[in-house]
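Novice: I'm passing along upload_8.cif; it holds mmCIF, C-alpha atoms.
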```cif
data_query
loop_
_atom_site.label_atom_id
_atom_site.label_comp_id
_atom_site.auth_asym_id
_atom_site.auth_seq_id
_atom_site.Cartn_x
_atom_site.Cartn_y
_atom_site.Cartn_z
CA VAL F 6 24.19 -13.61 19.79
CA LEU F 7 23.71 -13.05 16.10
CA GLY F 8 24.39 -16.68 15.34
CA ASP F 9 20.95 -17.40 16.76
CA LYS F 10 18.54 -16.37 14.01
CA ALA F 11 15.71 -15.88 16.52
CA SER F 12 17.70 -13.13 18.21
CA TYR F 13 17.28 -10.88 15.16
CA MET F 14 13.57 -10.65 15.93
CA ARG F 15 13.94 -9.58 19.56
CA LEU F 16 14.27 -6.11 21.03
CA ASP F 17 17.42 -5.10 22.87
CA SER F 18 15.35 -5.19 26.06
CA GLY F 19 14.58 -8.87 25.47
CA ILE F 20 10.96 -8.25 24.52
CA ASP F 21 9.64 -10.37 21.66
CA VAL F 22 8.59 -7.93 18.96
CA ASN F 23 5.99 -10.38 17.64
CA SER F 24 3.97 -10.05 20.84
CA VAL F 25 4.38 -6.34 21.66
CA SER F 26 0.81 -5.30 20.89
CA GLN F 27 -1.95 -5.58 18.34
CA ASN F 28 -1.18 -2.06 17.13
CA LEU F 29 2.42 -2.97 16.35
CA SER F 30 2.14 -6.57 15.24
CA GLU F 31 -0.98 -6.56 13.04
CA LEU F 32 -0.27 -3.81 10.57
CA SER F 33 -2.11 -3.29 7.36
CA VAL F 34 -2.01 -0.73 4.57
CA LYS F 35 -5.22 -0.91 2.59
CA ASP F 36 -5.02 2.27 0.53
CA ALA F 37 -1.57 2.13 -1.04
CA GLU F 38 -2.53 2.75 -4.66
CA SER F 39 -0.32 5.84 -4.85
CA TYR F 40 2.81 4.35 -3.33
CA ASN F 41 4.65 4.50 -6.64
CA ASP F 42 5.04 8.27 -6.39
CA LEU F 43 6.07 9.65 -3.03
CA ASN F 44 6.28 13.16 -4.49
CA ASP F 45 2.77 13.24 -5.95
CA PRO F 46 1.14 16.31 -4.35
CA SER F 47 -2.29 14.71 -4.62
CA SER F 48 -1.11 11.90 -2.37
CA LYS F 49 -0.07 14.20 0.48
CA THR F 50 -2.17 13.95 3.59
CA LYS F 51 -4.22 17.06 4.32
CA GLY F 52 -4.83 18.40 7.80
CA PRO F 53 -2.87 17.86 11.01
CA THR F 54 -0.18 15.23 11.09
CA THR F 55 0.93 12.83 13.79
CA ASN F 56 4.64 12.48 14.53
CA ILE F 57 5.43 9.08 16.01
CA ASN F 58 8.81 10.12 17.34
CA GLU F 59 7.47 13.26 19.02
CA GLN F 60 4.94 11.13 20.88
CA PHE F 61 7.65 8.80 22.17
CA THR F 62 9.95 11.71 23.04
CA SER F 63 7.22 13.40 25.05
CA GLY F 64 7.08 10.38 27.31
CA GLN F 65 3.93 8.73 26.02
CA LYS F 66 3.78 5.00 26.63
CA THR F 67 1.38 4.36 23.76
CA LEU F 68 0.60 6.13 20.53
CA GLU F 69 -2.50 8.35 20.39
CA THR F 70 -3.00 7.11 16.87
CA PRO F 71 -2.09 3.44 16.29
CA VAL F 72 0.73 3.18 13.80
CA HIS F 73 -1.26 0.99 11.45
CA LYS F 74 -3.98 3.67 11.21
CA LEU F 75 -1.60 6.47 10.23
CA PRO F 76 -1.60 7.38 6.52
CA LEU F 77 1.34 5.67 4.88
CA LEU F 78 2.64 8.71 3.03
CA GLU F 79 2.44 10.80 6.19
CA CYS F 80 4.88 8.43 7.89
CA PHE F 81 7.31 8.61 4.98
CA GLU F 82 7.18 12.31 4.21
CA GLN F 83 10.64 13.85 4.60
CA ASN F 84 11.45 16.74 6.93
CA GLU F 85 13.88 19.58 6.20
CA ASP F 86 16.82 17.19 6.71
CA GLY F 87 15.31 14.61 4.41
CA ASP F 88 14.53 12.26 7.29
CA THR F 89 11.36 10.21 7.47
CA GLU F 90 9.74 8.79 10.59
CA LEU F 91 11.72 5.61 9.96
CA HIS F 92 15.03 7.49 9.92
CA LEU F 93 14.15 9.29 13.15
CA ALA F 94 12.90 6.18 14.90
CA ILE F 95 16.23 4.47 14.16
CA ILE F 96 18.29 7.47 15.25
CA HIS F 97 16.41 7.70 18.55
CA LYS F 98 16.35 3.91 18.98
CA PHE F 99 12.57 3.64 19.15
CA ILE F 100 12.74 -0.02 18.20
CA GLU F 101 9.03 -0.82 18.37
CA ALA F 102 8.24 2.08 16.03
CA VAL F 103 10.89 0.84 13.58
CA TYR F 104 9.32 -2.63 13.47
CA ALA F 105 5.86 -1.10 13.04
CA LEU F 106 6.95 1.15 10.17
CA VAL F 107 8.78 -1.65 8.37
CA ARG F 108 5.74 -3.90 8.65
CA MET F 109 3.28 -1.34 7.29
CA VAL F 110 5.01 -0.53 3.98
CA PRO F 111 3.70 -2.21 0.82
CA HIS F 112 7.03 -2.11 -1.02
CA PRO F 113 10.72 -2.11 0.02
CA LYS F 114 11.35 1.12 -1.92
CA TYR F 115 10.18 3.00 1.19
CA LEU F 116 13.11 1.53 3.11
CA ASN F 117 15.60 3.04 0.66
CA ILE F 118 14.54 6.70 0.97
CA LYS F 119 17.64 8.86 1.49
CA ASN F 120 18.04 11.92 3.69
CA GLU F 121 20.10 15.00 2.85
CA ASP F 122 23.32 13.10 3.65
CA ARG F 123 22.27 10.37 1.21
CA GLN F 124 21.76 7.98 4.12
CA THR F 125 19.12 5.28 4.04
CA ALA F 126 17.55 3.66 7.09
CA LEU F 127 20.15 0.90 6.74
CA HIS F 128 23.05 3.36 6.92
CA LEU F 129 21.56 4.87 10.08
CA ALA F 130 20.98 1.49 11.72
CA VAL F 131 24.66 0.69 11.20
CA LEU F 132 25.86 4.10 12.39
CA THR F 133 23.82 3.72 15.59
CA ARG F 134 25.17 0.17 16.07
CA GLN F 135 21.81 -1.63 16.06
CA PRO F 136 22.51 -4.95 14.32
CA ARG F 137 19.02 -6.31 15.02
CA LEU F 138 17.49 -3.44 13.07
CA VAL F 139 20.14 -3.86 10.37
CA ARG F 140 19.04 -7.47 9.99
CA LEU F 141 15.35 -6.55 9.99
CA LEU F 142 15.90 -4.08 7.15
CA ILE F 143 17.98 -6.57 5.16
CA CYS F 144 15.34 -9.30 5.60
CA ALA F 145 12.69 -6.78 4.53
CA GLY F 146 14.49 -6.18 1.24
CA ALA F 147 16.30 -2.91 1.94
CA SER F 148 19.10 -2.36 -0.57
CA SER F 149 22.59 -2.85 0.83
CA ALA F 150 24.16 -1.32 -2.29
CA GLU F 151 22.98 2.26 -1.71
CA LEU F 152 25.79 4.82 -1.36
CA ASP F 153 25.90 7.74 1.06
CA ARG F 154 27.53 11.12 0.40
CA GLN F 155 31.02 9.58 0.75
CA GLY F 156 30.17 6.67 -1.50
CA ASN F 157 29.95 4.24 1.41
CA THR F 158 27.52 1.37 1.56
CA ALA F 159 26.17 0.32 4.94
CA LEU F 160 28.74 -2.49 4.83
CA HIS F 161 31.58 0.01 4.40
CA LEU F 162 30.34 1.79 7.53
CA ALA F 163 30.05 -1.42 9.54
CA VAL F 164 33.58 -2.50 8.60
CA GLN F 165 34.96 0.96 9.29
CA ALA F 166 33.39 0.87 12.76
CA ASP F 167 34.79 -2.60 13.54
CA ASP F 168 31.18 -3.77 14.00
CA LEU F 169 31.29 -7.49 13.20
CA ASN F 170 27.66 -7.98 14.30
CA SER F 171 26.40 -5.48 11.72
CA VAL F 172 28.71 -6.92 9.07
CA ARG F 173 27.15 -10.33 9.67
CA ALA F 174 23.65 -8.86 9.72
CA ILE F 175 24.23 -7.41 6.25
CA ILE F 176 25.97 -10.25 4.42
CA ASP F 177 24.93 -13.49 6.12
CA PRO F 178 22.45 -15.52 3.99
CA ILE F 179 18.78 -14.78 4.69
CA THR F 180 16.65 -17.72 5.75
CA THR F 181 12.97 -18.27 4.98
CA PRO F 182 11.98 -18.30 8.70
CA GLU F 183 13.60 -14.86 9.14
CA THR F 184 11.56 -13.44 6.28
CA LEU F 185 8.33 -14.95 7.60
CA GLU F 186 8.97 -13.68 11.12
CA ALA F 187 9.27 -10.13 9.80
CA HIS F 188 5.48 -10.16 9.01
CA LEU F 189 5.85 -8.00 5.92
CA GLN F 190 3.05 -6.82 3.61
CA TYR F 191 4.96 -8.15 0.59
CA THR F 192 7.37 -10.91 -0.37
CA PRO F 193 10.86 -9.37 -0.44
CA PHE F 194 13.12 -10.12 -3.38
CA HIS F 195 16.65 -10.67 -2.13
CA VAL F 196 19.29 -10.07 -4.80
CA HIS F 197 22.75 -11.44 -4.09
CA ARG F 198 25.25 -8.70 -4.84
CA GLU F 199 28.95 -8.75 -4.08
CA ILE F 200 28.63 -5.53 -2.12
CA ALA F 201 31.94 -6.19 -0.36
CA ASN F 202 33.67 -5.36 -3.66
CA ILE F 203 32.07 -1.93 -4.16
CA HIS F 204 34.58 0.93 -4.04
CA ASN F 205 33.69 4.08 -2.10
CA TYR F 206 34.68 7.56 -3.25
CA GLU F 207 38.09 7.11 -1.58
CA GLY F 208 38.64 4.12 -3.86
CA GLN F 209 38.40 1.59 -1.03
CA THR F 210 36.50 -1.65 -0.84
CA CYS F 211 35.54 -3.23 2.48
CA VAL F 212 38.68 -5.39 2.59
CA HIS F 213 40.85 -2.26 2.53
CA LEU F 214 38.93 -0.76 5.44
CA ALA F 215 39.24 -4.00 7.40
CA ALA F 216 42.99 -4.12 6.68
CA LEU F 217 43.46 -0.50 7.75
CA ASN F 218 41.78 -1.42 11.05
CA GLY F 219 43.81 -4.63 11.32
CA ASN F 220 40.55 -6.51 11.88
CA VAL F 221 41.27 -10.13 10.94
CA GLU F 222 37.84 -11.39 12.08
CA ILE F 223 35.90 -9.04 9.83
CA LEU F 224 38.28 -9.62 6.93
CA ARG F 225 37.85 -13.37 7.29
CA HIS F 226 34.06 -13.01 7.27
CA LEU F 227 34.15 -10.80 4.18
CA LEU F 228 36.23 -13.39 2.34
CA TRP F 229 33.75 -16.13 3.21
CA PHE F 230 31.11 -14.20 1.29
CA GLY F 231 32.99 -13.31 -1.87
CA ALA F 232 35.21 -10.33 -1.11
CA ASP F 233 38.19 -9.98 -3.47
CA ILE F 234 41.36 -10.18 -1.36
CA ASN F 235 43.47 -8.96 -4.31
CA ALA F 236 41.40 -5.82 -4.90
CA LYS F 237 43.44 -2.63 -5.24
CA GLU F 238 42.40 0.67 -3.74
CA TRP F 239 42.22 3.27 -6.45
CA LYS F 240 44.56 6.00 -5.17
CA GLY F 241 47.82 4.09 -4.82
CA GLY F 242 46.96 0.65 -6.15
CA HIS F 243 47.60 -0.93 -2.75
CA THR F 244 46.31 -4.37 -1.86
CA CYS F 245 45.53 -5.47 1.68
CA LEU F 246 49.08 -6.81 1.95
CA HIS F 247 50.59 -3.44 1.03
CA LEU F 248 48.42 -1.82 3.71
CA ALA F 249 49.39 -4.45 6.27
CA VAL F 250 53.14 -3.97 5.75
CA GLU F 251 52.75 -0.18 5.82
CA ARG F 252 51.03 -0.52 9.20
CA ALA F 253 53.71 -3.01 10.35
CA ASP F 254 50.85 -5.33 11.25
CA ALA F 255 52.57 -8.71 11.58
CA ARG F 256 49.39 -10.52 12.67
CA LEU F 257 47.49 -9.34 9.61
CA CYS F 258 50.41 -10.24 7.34
CA VAL F 259 50.53 -13.78 8.75
CA PHE F 260 46.77 -14.12 8.20
CA LEU F 261 46.93 -12.84 4.62
CA LEU F 262 49.86 -15.06 3.69
CA GLY F 263 48.65 -18.16 5.48
CA GLU F 264 44.85 -18.19 5.15
CA THR F 265 43.99 -16.31 1.96
CA GLY F 266 44.80 -16.54 -1.70
CA ILE F 267 46.41 -13.12 -1.85
CA ASP F 268 48.96 -12.47 -4.59
CA ALA F 269 51.98 -11.43 -2.54
CA ASP F 270 53.86 -10.27 -5.66
CA GLU F 271 51.16 -7.82 -6.80
CA MET F 272 52.55 -4.34 -7.47
CA ASN F 273 51.03 -1.04 -6.50
CA TYR F 274 50.81 1.89 -8.92
CA ALA F 275 54.41 2.86 -8.09
CA GLY F 276 55.59 -0.56 -9.20
CA TYR F 277 56.44 -1.88 -5.72
CA THR F 278 55.46 -5.20 -4.23
CA ALA F 279 54.74 -5.47 -0.51
CA TYR F 280 58.21 -6.99 0.03
CA GLN F 281 59.96 -4.17 -1.79
CA ALA F 282 58.12 -1.70 0.43
CA VAL F 283 59.19 -3.35 3.68
CA TRP F 284 62.42 -5.33 3.17
CA ASP F 285 64.69 -2.72 4.78
CA ILE F 286 62.17 -1.43 7.33
CA ASN F 287 60.72 -4.41 9.21
CA GLU F 288 62.82 -7.58 9.21
CA ASP F 289 60.15 -9.72 10.89
CA ILE F 290 57.57 -9.02 8.20
CA ALA F 291 60.21 -9.21 5.44
CA SER F 292 61.22 -12.63 6.76
CA ALA F 293 57.60 -13.82 6.74
CA LEU F 294 57.28 -12.71 3.13
CA ARG F 295 60.49 -14.48 2.13
CA ASN F 296 59.33 -17.65 3.86
CA HIS F 297 56.14 -17.41 1.82
CA GLY F 298 58.25 -17.49 -1.34
CA VAL F 299 57.73 -13.98 -2.68
CA ASP F 300 59.96 -12.45 -5.31
CA THR F 301 62.81 -10.86 -3.34
CA TYR F 302 64.33 -8.89 -6.20
CA ILE F 303 65.27 -5.37 -5.15
CA ALA F 304 66.34 -2.92 -7.86
CA SER F 305 69.79 -1.43 -7.22
CA ASP F 306 71.02 2.04 -8.05
CA SER F 307 72.99 0.63 -10.97
CA ASP F 308 69.78 -0.85 -12.38
CA SER F 309 68.21 2.60 -12.27
CA ASP F 310 71.26 4.10 -14.02
CA ASP F 311 71.05 1.44 -16.72
CA ASP F 312 67.38 2.23 -17.29
CA VAL F 313 68.17 5.93 -17.70
CA SER F 314 70.99 5.26 -20.16
#
```
Let's see the structure in the file written out as structure tokens.
Specialist:
Amino acid sequence: VLGDKASYMRLDSGIDVNSVSQNLSELSVKDAESYNDLNDPSSKTKGPTTNINEQFTSGQKTLETPVHKLPLLECFEQNEDGDTELHLAIIHKFIEAVYALVRMVPHPKYLNIKNEDRQTALHLAVLTRQPRLVRLLICAGASSAELDRQGNTALHLAVQADDLNSVRAIIDPITTPETLEAHLQYTPFHVHREIANIHNYEGQTCVHLAALNGNVEILRHLLWFGADINAKEWKGGHTCLHLAVERADARLCVFLLGETGIDADEMNYAGYTAYQAVWDINEDIASALRNHGVDTYIASDSDSDDDVS
């Protein structure tokens, strides 16, 4: 249960990551002088390389080379798809390797490396529905504001997938014990950003995606942490209430009208309020809007003729 902070630091199998092994729990990077430039040719490791994920895939129970003895830049070199060992370990759900790699880096910038699809490790942890790894990355200082090729943050993806656990892992406040239990090589700097209000390239914030899914629980959680319920998506100027009436989602409408501060008289780019869009289509929702006290004015044909004249 994600409400239990200790659960973030445990593997899906129930194993406590902090006691897996010396190789995975006592990591150290001593020669990280060149970490500021991942593309510096002089910093590339010469000679044969060791692929962590290949070793796990081949059925090995332990690594031939302990993770903490692998050259740092070797682990974070990108393959032809732009993926690093961290990306691949997350994709293949090699959880111990993920913890080891996160603990060996000297700076959170390594966690924000993007592959060819502009996905960071955090995007991939969400896409593979691994909220414990999502929380680990967030506690380690990974940026939650990075955009993928579609302009989605990791939070957009979590909301879109109806993954409340990952939503919570991204936006719930980080505690000091969580940071200490991550056993990082640095002190992460956590910047509070209202990432729920970032628009993707479709012009949608996270509240629009939650409304399109009719997910009241996720929408409620987003609002607790600063999401703007009156935000308009950029294509049609629709608010969550417009989207709810278009979907004929009575439950969502009741939630929006009764538990949020939504402006029920807000117009979309066509000049229509939610009531004007639904009054002659769905009487139940129209009645709920009237009971809420919305403006019930409906322009008649004669009004349109007057405007033309």
Novice: Measuring atom to atom with all atoms listed in the file, identify which of F:Leu189, F:Ala291, F:Ile118, F:Ala105 is nearest to Asp153 (chain F).
Specialist: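 For Asp153 (chain F), the nearest of the candidates is F:Ile118.
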Novice: If the PyMOL selection byres ((chain F and resi 272) around 10) is run on the structure shown, which residues does it catch, given as a short mmCIF file (atom, residue, chain, number, x, y, z; two decimals) with C-alpha atoms, in the frame of the given file?
Specialist:
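In the end it all went to result20.cif:
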```cif
data_model
loop_
_atom_site.label_atom_id
_atom_site.label_comp_id
_atom_site.auth_asym_id
_atom_site.auth_seq_id
_atom_site.Cartn_x
_atom_site.Cartn_y
_atom_site.Cartn_z
CA LYS F 237 43.44 -2.63 -5.24
CA GLY F 242 46.96 0.65 -6.15
CA HIS F 243 47.60 -0.93 -2.75
CA THR F 244 46.31 -4.37 -1.86
CA HIS F 247 50.59 -3.44 1.03
CA ASP F 268 48.96 -12.47 -4.59
CA ALA F 269 51.98 -11.43 -2.54
CA ASP F 270 53.86 -10.27 -5.66
CA GLU F 271 51.16 -7.82 -6.80
CA ASN F 273 51.03 -1.04 -6.50
CA TYR F 274 50.81 1.89 -8.92
CA ALA F 275 54.41 2.86 -8.09
CA GLY F 276 55.59 -0.56 -9.20
CA TYR F 277 56.44 -1.88 -5.72
CA THR F 278 55.46 -5.20 -4.23
CA ALA F 279 54.74 -5.47 -0.51
CA TYR F 280 58.21 -6.99 0.03
CA GLN F 281 59.96 -4.17 -1.79
#
```
Novice: Interatomic distance between CA of Asp167 (chain F) and CA of Pro193 (chain F)?
Specialist: 28.5 Å
Novice: Could you list, as a ChimeraX atom specification, every residue matched by the PyMOL selection byres ((chain F and resi 284) around 12) in this structure?
Specialist: /F:250-251,253,277-283,285-295,299-304
Novice: Might you spell out which residues the PyMOL selection byres ((chain F and resi 199) around 8) would select in the displayed file, as a PyMOL selection string?
Specialist: chain F and resi 197-198+200-203+230-232
Novice: Measuring atom to atom with only C-alpha atoms, identify which of F:Leu116, F:Cys211, F:Leu77, F:Leu248 is nearest to Gln165 (chain F).
Specialist: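 Ranked by minimum distance to Gln165 (chain F), first place goes to F:Cys211.
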Novice: For CA of Val172 (chain F) and CA of Leu160 (chain F), determine how far apart the two atoms are, in Å to one decimal place.
Specialist: 6.1 Å
Novice: Counting all atoms listed in the file, which of F:Gln83, F:Gln209, F:Gln155, F:Thr89 gets nearest to Ala126 (chain F)?
Specialist: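 Under the stated criterion, the closest residue is F:Thr89.
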Novice: One decimal, Å: what's the distance from CA of Pro113 (chain F) over to CA of Cys144 (chain F), could you say?
Specialist: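 About the pair CA of Pro113 (chain F) and CA of Cys144 (chain F): they are 10.2 Å apart.
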Novice: Return the single residue from F:Val110, F:Cys80, F:Ala236, F:Val164 that is closest to Ala147 (chain F), with distances computed using all atoms listed in the file.
Specialist: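 Under the stated criterion, the closest residue is F:Val110.
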Novice: Which residue is closest to Val212 (chain F)? Choose from F:Leu138, F:Leu257, F:Leu78, F:Ile179 and count only C-alpha atoms.
Specialist: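 Distance minimum relative to Val212 (chain F) lands on F:Leu257.
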Novice: Contacts of Arg173 (chain F) at 10 Å or less, counting all atoms listed in the file, minus same-chain residues fewer than 5 places along, as a CSV table (one decimal) with C-alpha atoms, in the coordinates of the input?
Specialist:
```
chain,number,residue,atom,x,y,z
F,7,LEU,CA,23.7,-13.0,16.1
F,8,GLY,CA,24.4,-16.7,15.3
F,136,PRO,CA,22.5,-5.0,14.3
F,139,VAL,CA,20.1,-3.9,10.4
F,140,ARG,CA,19.0,-7.5,10.0
F,160,LEU,CA,28.7,-2.5,4.8
F,163,ALA,CA,30.0,-1.4,9.5
F,168,ASP,CA,31.2,-3.8,14.0
F,178,PRO,CA,22.4,-15.5,4.0
F,223,ILE,CA,35.9,-9.0,9.8
F,226,HIS,CA,34.1,-13.0,7.3
F,227,LEU,CA,34.2,-10.8,4.2
```
Novice: With the cut-off set at 8 Å and counting only C-alpha atoms, tabulate each residue of region 135-171 of chain F with an atom at most that distance from an atom of region 204-208 of chain F, showing the nearest atom pair and its distance in Å to one decimal, ordered by chain and increasing number, as a tab-separated table.
Specialist:
```
residue	atom	partner	partner_atom	distance
F:Leu152	CA	F:Asn205	CA	8.0
F:Gln155	CA	F:Tyr206	CA	5.8
F:Gly156	CA	F:Asn205	CA	4.4
F:Asn157	CA	F:Asn205	CA	5.1
F:Thr158	CA	F:Asn205	CA	7.7
F:His161	CA	F:Asn205	CA	8.0
```
